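File shown: data_39.csv (CSV, C-alpha atoms).
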chain,number,residue,atom,x,y,z
F,254,MET,CA,0.0,0.0,0.0
F,255,ASP,CA,1.4,3.5,-0.9
F,256,ALA,CA,1.8,6.3,1.6
F,257,ASP,CA,-1.5,8.0,0.6
F,258,GLY,CA,-3.4,4.8,0.9
F,259,LEU,CA,-1.9,4.2,4.3
F,260,SER,CA,-2.8,7.7,5.4
F,261,GLN,CA,-6.4,7.2,4.3
F,262,LEU,CA,-6.5,3.9,6.1
F,263,ASN,CA,-5.2,5.6,9.3
F,264,ALA,CA,-7.8,8.3,8.9
F,265,ASP,CA,-10.6,5.8,8.6
F,266,LEU,CA,-9.3,3.8,11.6
F,267,VAL,CA,-9.0,7.0,13.7
F,268,ILE,CA,-12.6,7.9,12.9
F,269,ARG,CA,-13.8,4.5,13.9
F,270,VAL,CA,-11.8,4.6,17.1
F,271,ARG,CA,-13.5,7.9,18.0
F,272,GLY,CA,-16.7,6.0,17.9
F,273,GLY,CA,-15.3,3.3,20.3
F,274,ASP,CA,-14.6,0.5,17.8
F,275,PRO,CA,-12.3,-2.0,19.5
F,276,SER,CA,-11.2,-3.8,16.2
F,277,ALA,CA,-10.2,-0.5,14.7
F,278,PHE,CA,-8.1,0.3,17.8
F,279,ASP,CA,-6.5,-3.2,17.6
F,280,THR,CA,-5.6,-2.6,14.0
F,281,LEU,CA,-4.2,0.8,14.8
F,282,VAL,CA,-2.0,-0.6,17.6
F,283,ARG,CA,-0.7,-3.5,15.4
F,284,GLN,CA,0.1,-1.1,12.6
F,285,HIS,CA,2.0,1.4,14.7
F,286,TYR,CA,3.4,-0.7,17.6
F,287,GLY,CA,6.8,-1.3,15.8
F,288,ALA,CA,7.5,2.4,15.0
F,289,ALA,CA,6.3,3.5,18.5
F,290,TYR,CA,8.5,0.9,20.1
F,291,ALA,CA,11.5,1.8,18.0
F,292,THR,CA,11.0,5.5,18.9
F,293,ALA,CA,10.7,4.8,22.7
F,294,LEU,CA,13.7,2.4,22.5
F,295,ALA,CA,15.8,5.0,20.7
F,296,ILE,CA,15.2,7.4,23.6
F,297,LEU,CA,15.3,5.0,26.5
F,298,CYS,CA,17.5,2.1,25.3
F,299,HIS,CA,15.6,0.0,27.8
F,300,ARG,CA,13.2,-2.6,26.5
F,301,GLU,CA,10.8,-2.9,29.4
F,302,ASN,CA,10.6,0.8,29.9
F,303,ALA,CA,10.1,1.3,26.1
F,304,GLU,CA,7.3,-1.2,26.2
F,305,ASP,CA,5.6,0.6,29.1
F,306,VAL,CA,6.0,3.9,27.4
F,307,VAL,CA,4.4,2.6,24.2
F,308,GLN,CA,1.4,1.2,26.2
F,309,GLU,CA,0.9,4.6,28.0
F,310,ALA,CA,1.3,6.4,24.7
F,311,PHE,CA,-1.4,4.4,23.0
F,312,LEU,CA,-3.7,4.9,25.9
F,313,THR,CA,-3.0,8.7,25.9
F,314,ALA,CA,-3.6,8.7,22.1
F,315,LEU,CA,-6.9,7.0,22.7
F,316,GLU,CA,-7.9,9.5,25.4
F,317,LYS,CA,-6.9,12.5,23.2
F,318,ILE,CA,-7.9,11.1,19.9
F,319,ASP,CA,-10.5,13.9,19.4
F,320,ASP,CA,-7.5,16.3,19.4
F,321,CYS,CA,-5.9,14.6,16.4
F,322,THR,CA,-7.0,17.2,13.9
F,323,GLU,CA,-5.4,15.5,10.9
F,324,PRO,CA,-6.3,11.8,11.2
F,325,GLN,CA,-4.4,11.0,8.0
F,326,ARG,CA,-1.2,12.1,9.9
F,327,PHE,CA,-1.9,9.9,12.9
F,328,THR,CA,1.5,8.2,12.8
F,329,GLY,CA,3.4,11.5,13.4
F,330,TRP,CA,0.9,12.6,16.0
F,331,LEU,CA,1.3,9.2,17.9
F,332,LEU,CA,5.1,9.3,17.7
F,333,GLN,CA,5.2,12.8,19.2
F,334,ILE,CA,3.2,11.4,22.2
F,335,VAL,CA,5.7,8.5,22.4
F,336,ARG,CA,8.7,10.9,22.3
F,337,ASN,CA,7.3,13.2,24.9
F,338,ARG,CA,6.4,10.3,27.2
F,339,ALA,CA,9.8,8.6,26.7
F,340,LYS,CA,11.6,11.9,27.4
F,341,ASN,CA,9.7,12.3,30.6
F,342,VAL,CA,10.6,8.8,31.7
F,343,ARG,CA,14.2,9.4,30.8
F,344,ARG,CA,14.2,12.6,32.8
F,345,TYR,CA,12.7,10.8,35.8
F,346,LEU,CA,15.2,7.9,35.6
F,347,HIS,CA,18.0,10.4,35.3
F,348,VAL,CA,16.9,12.1,38.5
F,349,ARG,CA,16.8,8.8,40.2
F,350,ARG,CA,20.3,7.9,39.0
F,351,THR,CA,21.9,11.2,40.0
F,352,SER,CA,23.4,9.6,43.1
F,353,ASN,CA,25.3,7.1,40.9
F,354,VAL,CA,28.9,8.0,40.0
F,355,GLU,CA,28.7,6.5,36.6
F,356,GLU,CA,25.9,8.1,34.5
F,357,ARG,CA,25.0,6.8,31.2
F,358,ASP,CA,22.6,8.4,28.7
F,359,CYS,CA,21.3,5.1,27.9
F,360,ALA,CA,21.7,1.8,29.8
F,361,GLU,CA,19.9,-1.5,29.8
F,362,GLU,CA,18.9,-2.6,33.3
F,363,HIS,CA,17.4,-6.1,33.2
F,364,SER,CA,15.6,-7.2,36.3
F,365,ASP,CA,14.2,-10.4,34.9
F,366,PRO,CA,16.9,-13.1,34.8
F,367,ASN,CA,14.7,-15.4,32.7
F,368,ARG,CA,15.0,-12.9,29.8
F,369,ARG,CA,18.8,-13.3,29.7
F,370,THR,CA,18.8,-15.6,26.7
F,371,GLU,CA,21.3,-15.5,23.9
F,372,GLU,CA,19.0,-13.4,21.9
F,373,ASN,CA,18.6,-10.9,24.7
F,374,GLU,CA,22.4,-10.7,25.1
F,375,GLU,CA,22.7,-9.8,21.4
F,376,GLY,CA,20.0,-7.2,22.0
F,377,GLU,CA,21.9,-5.8,25.0
F,378,ARG,CA,25.0,-5.5,22.9
F,379,LEU,CA,23.1,-3.6,20.3
F,380,LEU,CA,21.5,-1.3,22.9
F,381,GLN,CA,25.0,-0.8,24.4
F,382,ALA,CA,26.3,0.2,21.0
F,383,LEU,CA,23.3,2.4,20.3
F,384,SER,CA,23.8,4.2,23.6
F,385,GLY,CA,26.8,5.9,22.1
F,386,LEU,CA,24.7,7.6,19.4
F,387,ARG,CA,22.4,10.7,19.7
F,388,PRO,CA,18.7,10.0,20.3
F,389,THR,CA,17.9,11.3,16.8
F,390,GLN,CA,20.5,9.0,15.2
F,391,ARG,CA,19.1,6.1,17.2
F,392,CYS,CA,15.6,6.9,16.2
F,393,ILE,CA,16.6,7.1,12.5
F,394,VAL,CA,18.6,3.9,12.5
F,395,LEU,CA,15.9,1.9,14.2
F,396,LEU,CA,13.0,3.3,12.1
F,397,HIS,CA,15.0,2.7,8.9
F,398,ASP,CA,16.8,-0.6,9.6
F,399,LEU,CA,14.4,-2.2,12.0
F,400,GLU,CA,11.0,-0.9,10.8
F,401,GLY,CA,11.9,-0.4,7.1
F,402,TRP,CA,10.8,3.3,7.0
F,403,ARG,CA,11.8,5.5,4.1
F,404,HIS,CA,13.9,8.6,4.7
F,405,GLN,CA,11.0,10.7,3.4
F,406,ASP,CA,8.7,9.4,6.2
F,407,ILE,CA,11.4,9.6,8.9
F,408,ALA,CA,12.2,13.2,7.9
F,409,GLU,CA,8.5,14.1,8.1
F,410,VAL,CA,8.1,12.6,11.6
F,411,LEU,CA,11.3,14.0,13.0
F,412,GLU,CA,10.9,17.3,11.3
F,413,ILE,CA,14.3,17.2,9.5
F,414,SER,CA,15.3,17.0,5.9
F,415,PRO,CA,15.6,13.6,4.1
F,416,GLU,CA,19.2,14.4,3.4
F,417,LEU,CA,20.0,14.9,7.0
F,418,SER,CA,18.2,11.6,7.8
F,419,ARG,CA,20.5,9.9,5.3
F,420,GLN,CA,23.5,11.5,6.8
F,421,HIS,CA,22.6,10.5,10.3
F,422,LEU,CA,21.9,6.9,9.2
F,423,PHE,CA,25.3,6.7,7.5
F,424,LEU,CA,27.1,7.9,10.6
F,425,ALA,CA,25.1,5.7,12.9
F,426,ARG,CA,25.7,2.6,10.9
F,427,ARG,CA,29.4,3.3,10.8
F,428,TRP,CA,29.5,3.8,14.5
F,429,LEU,CA,27.5,0.6,15.2
F,430,GLN,CA,29.6,-1.5,12.9
F,431,ALA,CA,32.7,-0.4,14.8
F,432,GLN,CA,31.1,-1.0,18.1
F,433,MET,CA,29.9,-4.4,17.2
F,434,GLN,CA,33.5,-5.4,16.4
F,435,PRO,CA,35.2,-5.0,19.8
F,436,SER,CA,38.7,-4.9,18.5
F,437,VAL,CA,38.1,-1.9,16.3
F,438,SER,CA,37.6,1.6,17.7
F,439,ALA,CA,35.6,4.1,15.6
F,440,GLY,CA,35.8,7.1,17.9
F,441,GLU,CA,32.9,9.4,18.7
F,442,PRO,CA,30.1,9.8,16.1
F,443,THR,CA,29.7,13.3,14.7
X,52,MET,CA,34.4,0.4,6.0
X,53,LYS,CA,31.1,-0.6,4.3
X,54,ASN,CA,28.0,1.2,5.4
X,55,GLU,CA,25.7,-1.8,5.7
X,56,MET,CA,22.4,-2.2,7.4
X,57,GLN,CA,22.7,-3.4,10.9
X,58,ASP,CA,20.8,-6.5,11.9
X,59,PHE,CA,18.3,-5.4,14.6
X,60,SER,CA,16.2,-8.5,14.6
X,61,SER,CA,17.1,-9.2,18.3
X,62,LEU,CA,15.3,-6.0,19.2
X,63,ASP,CA,12.3,-6.7,16.9
X,64,PRO,CA,9.1,-6.9,19.0
X,65,ARG,CA,7.5,-9.2,16.3
X,66,ARG,CA,10.3,-11.7,16.6
X,67,ARG,CA,8.4,-13.9,19.1
X,68,PRO,CA,4.7,-14.1,18.1
X,69,ASP,CA,3.5,-15.0,21.6
X,70,ASP,CA,5.4,-12.0,23.1
X,71,TRP,CA,4.0,-9.8,20.3
X,72,GLU,CA,0.4,-10.9,21.0
X,73,ARG,CA,1.0,-10.4,24.7
X,74,ARG,CA,2.1,-6.8,24.1
X,75,ILE,CA,-0.9,-6.0,21.8
X,76,ARG,CA,-3.4,-7.7,24.2
X,77,ARG,CA,-1.9,-5.7,27.1
X,78,ILE,CA,-2.7,-2.5,25.3
X,79,THR,CA,-6.1,-3.5,23.9
X,80,ALA,CA,-7.2,-4.8,27.3
X,81,ALA,CA,-6.3,-1.5,29.0
X,82,ALA,CA,-8.2,0.3,26.3
X,83,ALA,CA,-11.4,-1.7,26.6
X,84,ALA,CA,-12.9,0.6,29.2
X,85,PRO,CA,-12.2,3.9,27.5
X,86,LEU,CA,-13.5,2.5,24.2
X,87,ALA,CA,-16.7,1.3,25.9
X,88,ARG,CA,-17.1,4.8,27.3
X,89,ARG,CA,-16.7,6.2,23.8
X,90,ARG,CA,-19.4,3.9,22.5
X,91,ASN,CA,-21.8,5.0,25.2
X,92,VAL,CA,-21.2,8.7,25.0
X,93,VAL,CA,-24.2,10.8,24.0
X,94,THR,CA,-23.4,13.2,21.2
X,95,LEU,CA,-25.7,15.3,19.1
X,96,PRO,CA,-24.8,13.6,15.8
X,97,ARG,CA,-25.3,10.2,17.5
X,98,GLN,CA,-28.6,11.3,18.9
X,99,LEU,CA,-29.7,12.5,15.5
X,100,ALA,CA,-28.7,9.3,13.9
X,101,TYR,CA,-30.5,7.3,16.7
X,102,TRP,CA,-33.8,9.2,16.2
X,103,ALA,CA,-33.5,9.6,12.4
X,104,GLY,CA,-35.2,6.2,11.7
X,105,PRO,CA,-38.3,6.6,13.9
X,106,VAL,CA,-38.7,10.3,13.0
X,107,LEU,CA,-38.6,9.6,9.3
X,108,ALA,CA,-41.0,6.7,9.6
X,109,THR,CA,-43.5,8.9,11.5
X,110,ALA,CA,-43.1,11.7,9.1
X,111,ALA,CA,-43.7,9.3,6.2
X,112,GLY,CA,-46.9,8.0,7.9
X,113,ILE,CA,-48.2,11.6,8.5
X,114,ALA,CA,-47.3,12.5,4.9
X,115,VAL,CA,-49.3,9.5,3.5
X,116,MET,CA,-52.3,10.4,5.8
X,117,ALA,CA,-52.2,14.1,4.8
X,118,SER,CA,-52.0,13.4,1.2
X,119,GLY,CA,-55.0,11.0,1.5
X,120,LEU,CA,-57.0,13.7,3.2
X,121,LEU,CA,-56.0,16.3,0.6
X,122,LEU,CA,-56.8,14.1,-2.3
X,123,TYR,CA,-60.2,12.9,-0.9
X,124,PRO,CA,-62.2,16.1,-1.6
X,125,LEU,CA,-60.9,16.1,-5.2
X,126,GLN,CA,-62.6,12.8,-5.7
X,127,GLN,CA,-66.0,14.1,-4.6
X,128,PRO,CA,-68.4,15.1,-7.3
X,129,VAL,CA,-67.9,18.7,-8.2
X,130,ALA,CA,-71.0,20.8,-7.6
X,131,SER,CA,-72.5,22.2,-10.8
X,132,ALA,CA,-71.3,25.6,-11.5
X,133,THR,CA,-74.7,26.5,-12.7
X,134,PRO,CA,-77.3,26.4,-10.0
X,135,SER,CA,-80.4,24.4,-10.9
X,136,LYS,CA,-83.7,26.1,-11.3
X,137,ALA,CA,-84.9,24.7,-8.0
X,138,GLN,CA,-81.8,26.0,-6.2
X,139,THR,CA,-82.3,29.4,-7.8
X,140,ILE,CA,-85.8,29.6,-6.6
X,141,LYS,CA,-84.9,28.7,-3.0
X,142,GLN,CA,-82.1,31.3,-2.8
X,143,SER,CA,-82.7,35.0,-2.4
X,144,PRO,CA,-82.6,37.1,-5.6
X,145,THR,CA,-79.3,38.8,-4.5
X,146,VAL,CA,-77.5,35.5,-3.8
X,147,THR,CA,-78.8,34.1,-7.1
X,148,VAL,CA,-77.4,37.1,-9.1
X,149,VAL,CA,-74.0,36.9,-7.2
X,150,THR,CA,-73.8,33.2,-8.0
X,151,TRP,CA,-74.5,33.9,-11.6
X,152,ALA,CA,-71.7,36.5,-11.7
X,153,VAL,CA,-69.2,34.3,-9.9
X,154,ASN,CA,-69.9,31.4,-12.2
X,155,ASN,CA,-70.1,33.5,-15.4
X,156,HIS,CA,-73.6,32.2,-15.9
X,157,VAL,CA,-75.6,34.1,-18.5
X,158,PRO,CA,-79.2,33.8,-17.4
X,159,ASN,CA,-81.8,33.0,-19.9
X,160,PRO,CA,-85.0,35.2,-20.3
X,161,ALA,CA,-87.0,32.9,-18.1
X,162,GLU,CA,-84.5,33.1,-15.2
X,163,MET,CA,-84.4,36.9,-15.6
X,164,LEU,CA,-88.1,37.1,-15.4
X,165,GLU,CA,-88.1,34.9,-12.4
X,166,ILE,CA,-85.6,37.0,-10.5
X,167,ASN,CA,-87.4,40.2,-11.5
X,168,TRP,CA,-90.6,38.7,-10.1
X,169,ARG,CA,-89.0,37.7,-6.9
X,170,TRP,CA,-87.3,41.0,-6.4
X,171,LYS,CA,-90.6,42.9,-6.6
X,172,LYS,CA,-92.1,40.4,-4.3
Show the structure stored in the file as structure tokens.
Amino acid sequence: MDADGLSQLNADLVIRVRGGDPSAFDTLVRQHYGAAYATALAILCHRENAEDVVQEAFLTALEKIDDCTEPQRFTGWLLQIVRNRAKNVRRYLHVRRTSNVEERDCAEEHSDPNRRTEENEEGERLLQALSGLRPTQRCIVLLHDLEGWRHQDIAEVLEISPELSRQHLFLARRWLQAQMQPSVSAGEPT
Amino acid sequence: MKNEMQDFSSLDPRRRPDDWERRIRRITAAAAAPLARRRNVVTLPRQLAYWAGPVLATAAGIAVMASGLLLYPLQQPVASATPSKAQTIKQSPTVTVVTWAVNNHVPNPAEMLEINWRWKK
């Protein structure tokens, strides 16, 4: 489906959700969960917190769905809620961590030992590598390489130019490749 | 160094279908109550939509009855524009002449004589 078709589908779903249609809300969640999770993960670098933020963002979106004046641009509107919510959580966690000597912008803190599988270890390594990037770069690389978004769509949501999105992706990939090979040092991303 | 796409599949929430469904259900379950409230909320458009059916049915019934009442008199035999001689005799001379004028009735000599006679009477 092309971008216009998707926008129209979003608009129809939003109108149905306003009327309280559970199946429309379910479809809306399934369609946008990936992008919302990638955005929250880019800001928090913490899977459980990102999951909580996404849930709260969807519920906030439902509560305020009458304020979504352009239903065909629901995706951007939802991701703005996700970003705001994730930044609030990050700020809250930062305040809680101020007593710690070592502060990291982004750190994975697993509390559930059952989730420490091989797959999770790989995820942790990735999150650790991502933590060296700026939140915008993390968001771009996750939306592009994980969710398959086009630079045009990323640029619209993040309110930057598609060229800048490409540039950030290039730098982020270079940084990640270097970080995922422990013997090679890539220096700080610019 | 090549600028290749990084494999993020270990962070993909759809990687494990059961975990994916759990995440979706967690959100939809929490949204059930707000959605139910939205379904039950009374808004003007919804009220209009709710009442539109009965109101239109009633209006259609009234329209059928009204049109029946309006059409009924047209099916009655139309009274003769020209009063009969017996009617003319019963009426007063003034009424008779006015009736002739309204109906564009040209009286014949016998009727003229009759009226004249009654007037004098």
Near chain F, which residues of chain X fall within 12 Å when you count all atoms listed in the file, and what do they look like as number ranges by chain?
X: 52-67, 70-94, 96-97
Selection above as a file: C-alpha atoms, as a short mmCIF file (atom, residue, chain, number, x, y, z; two decimals), keeping the file's coordinate frame:
data_model
loop_
_atom_site.label_atom_id
_atom_site.label_comp_id
_atom_site.auth_asym_id
_atom_site.auth_seq_id
_atom_site.Cartn_x
_atom_site.Cartn_y
_atom_site.Cartn_z
CA MET X 52 34.40 0.40 6.00
CA LYS X 53 31.10 -0.60 4.30
CA ASN X 54 28.00 1.20 5.40
CA GLU X 55 25.70 -1.80 5.70
CA MET X 56 22.40 -2.20 7.40
CA GLN X 57 22.70 -3.40 10.90
CA ASP X 58 20.80 -6.50 11.90
CA PHE X 59 18.30 -5.40 14.60
CA SER X 60 16.20 -8.50 14.60
CA SER X 61 17.10 -9.20 18.30
CA LEU X 62 15.30 -6.00 19.20
CA ASP X 63 12.30 -6.70 16.90
CA PRO X 64 9.10 -6.90 19.00
CA ARG X 65 7.50 -9.20 16.30
CA ARG X 66 10.30 -11.70 16.60
CA ARG X 67 8.40 -13.90 19.10
CA ASP X 70 5.40 -12.00 23.10
CA TRP X 71 4.00 -9.80 20.30
CA GLU X 72 0.40 -10.90 21.00
CA ARG X 73 1.00 -10.40 24.70
CA ARG X 74 2.10 -6.80 24.10
CA ILE X 75 -0.90 -6.00 21.80
CA ARG X 76 -3.40 -7.70 24.20
CA ARG X 77 -1.90 -5.70 27.10
CA ILE X 78 -2.70 -2.50 25.30
CA THR X 79 -6.10 -3.50 23.90
CA ALA X 80 -7.20 -4.80 27.30
CA ALA X 81 -6.30 -1.50 29.00
CA ALA X 82 -8.20 0.30 26.30
CA ALA X 83 -11.40 -1.70 26.60
CA ALA X 84 -12.90 0.60 29.20
CA PRO X 85 -12.20 3.90 27.50
CA LEU X 86 -13.50 2.50 24.20
CA ALA X 87 -16.70 1.30 25.90
CA ARG X 88 -17.10 4.80 27.30
CA ARG X 89 -16.70 6.20 23.80
CA ARG X 90 -19.40 3.90 22.50
CA ASN X 91 -21.80 5.00 25.20
CA VAL X 92 -21.20 8.70 25.00
CA VAL X 93 -24.20 10.80 24.00
CA THR X 94 -23.40 13.20 21.20
CA PRO X 96 -24.80 13.60 15.80
CA ARG X 97 -25.30 10.20 17.50
#
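Rounded to one decimal, CA of Gln333 (chain F) and CA of Glu409 (chain F) lie 11.7 Å from each other.
Interatomic distance, CA of Leu332 (chain F) to CA of Gly385 (chain F): 22.4 Å.
Among the candidates F:Leu281, F:Ile334, F:Ile393, F:Ala293, the residue lying nearest to Pro415 (chain F) is F:Ile393 (atoms considered: only C-alpha atoms).
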Quick check, in Å to one decimal: how far apart do CA of Gly401 (chain F) and CA of Glu323 (chain F) lie?
23.8 Å
Identify, on the basis of all atoms listed in the file, every residue whose closest approach to region 327-330 of chain F does not exceed 8 Å; exclude the query and any residue fewer than 5 positions from it along the same chain; express the result as a PyMOL selection string.
chain F and resi 260+263-264+267+285+321+409-410
Based on the selection just made, write C-alpha atoms of those residues as a PDB file, keeping the file's coordinate frame.
ATOM      1  CA  SER F 260      -2.800   7.700   5.400  1.00  0.00           C
ATOM      2  CA  ASN F 263      -5.200   5.600   9.300  1.00  0.00           C
ATOM      3  CA  ALA F 264      -7.800   8.300   8.900  1.00  0.00           C
ATOM      4  CA  VAL F 267      -9.000   7.000  13.700  1.00  0.00           C
ATOM      5  CA  HIS F 285       2.000   1.400  14.700  1.00  0.00           C
ATOM      6  CA  CYS F 321      -5.900  14.600  16.400  1.00  0.00           C
ATOM      7  CA  GLU F 409       8.500  14.100   8.100  1.00  0.00           C
ATOM      8  CA  VAL F 410       8.100  12.600  11.600  1.00  0.00           C
TER       9      VAL F 410
END
Name the residues, using the chain letters and numbers of the file, that sit within 8 Å of (16.4, 2.8, 22.7) when counting only C-alpha atoms, and give them as an MDAnalysis selection string.
chainID F and resid 291:300 303 359 380 383:384 388 391:392
Residue with smallest distance to Ile268 (chain F) - pool F:Gln284, F:Thr322, F:Gln381, F:Gln390, counting all atoms listed in the file:
F:Thr322
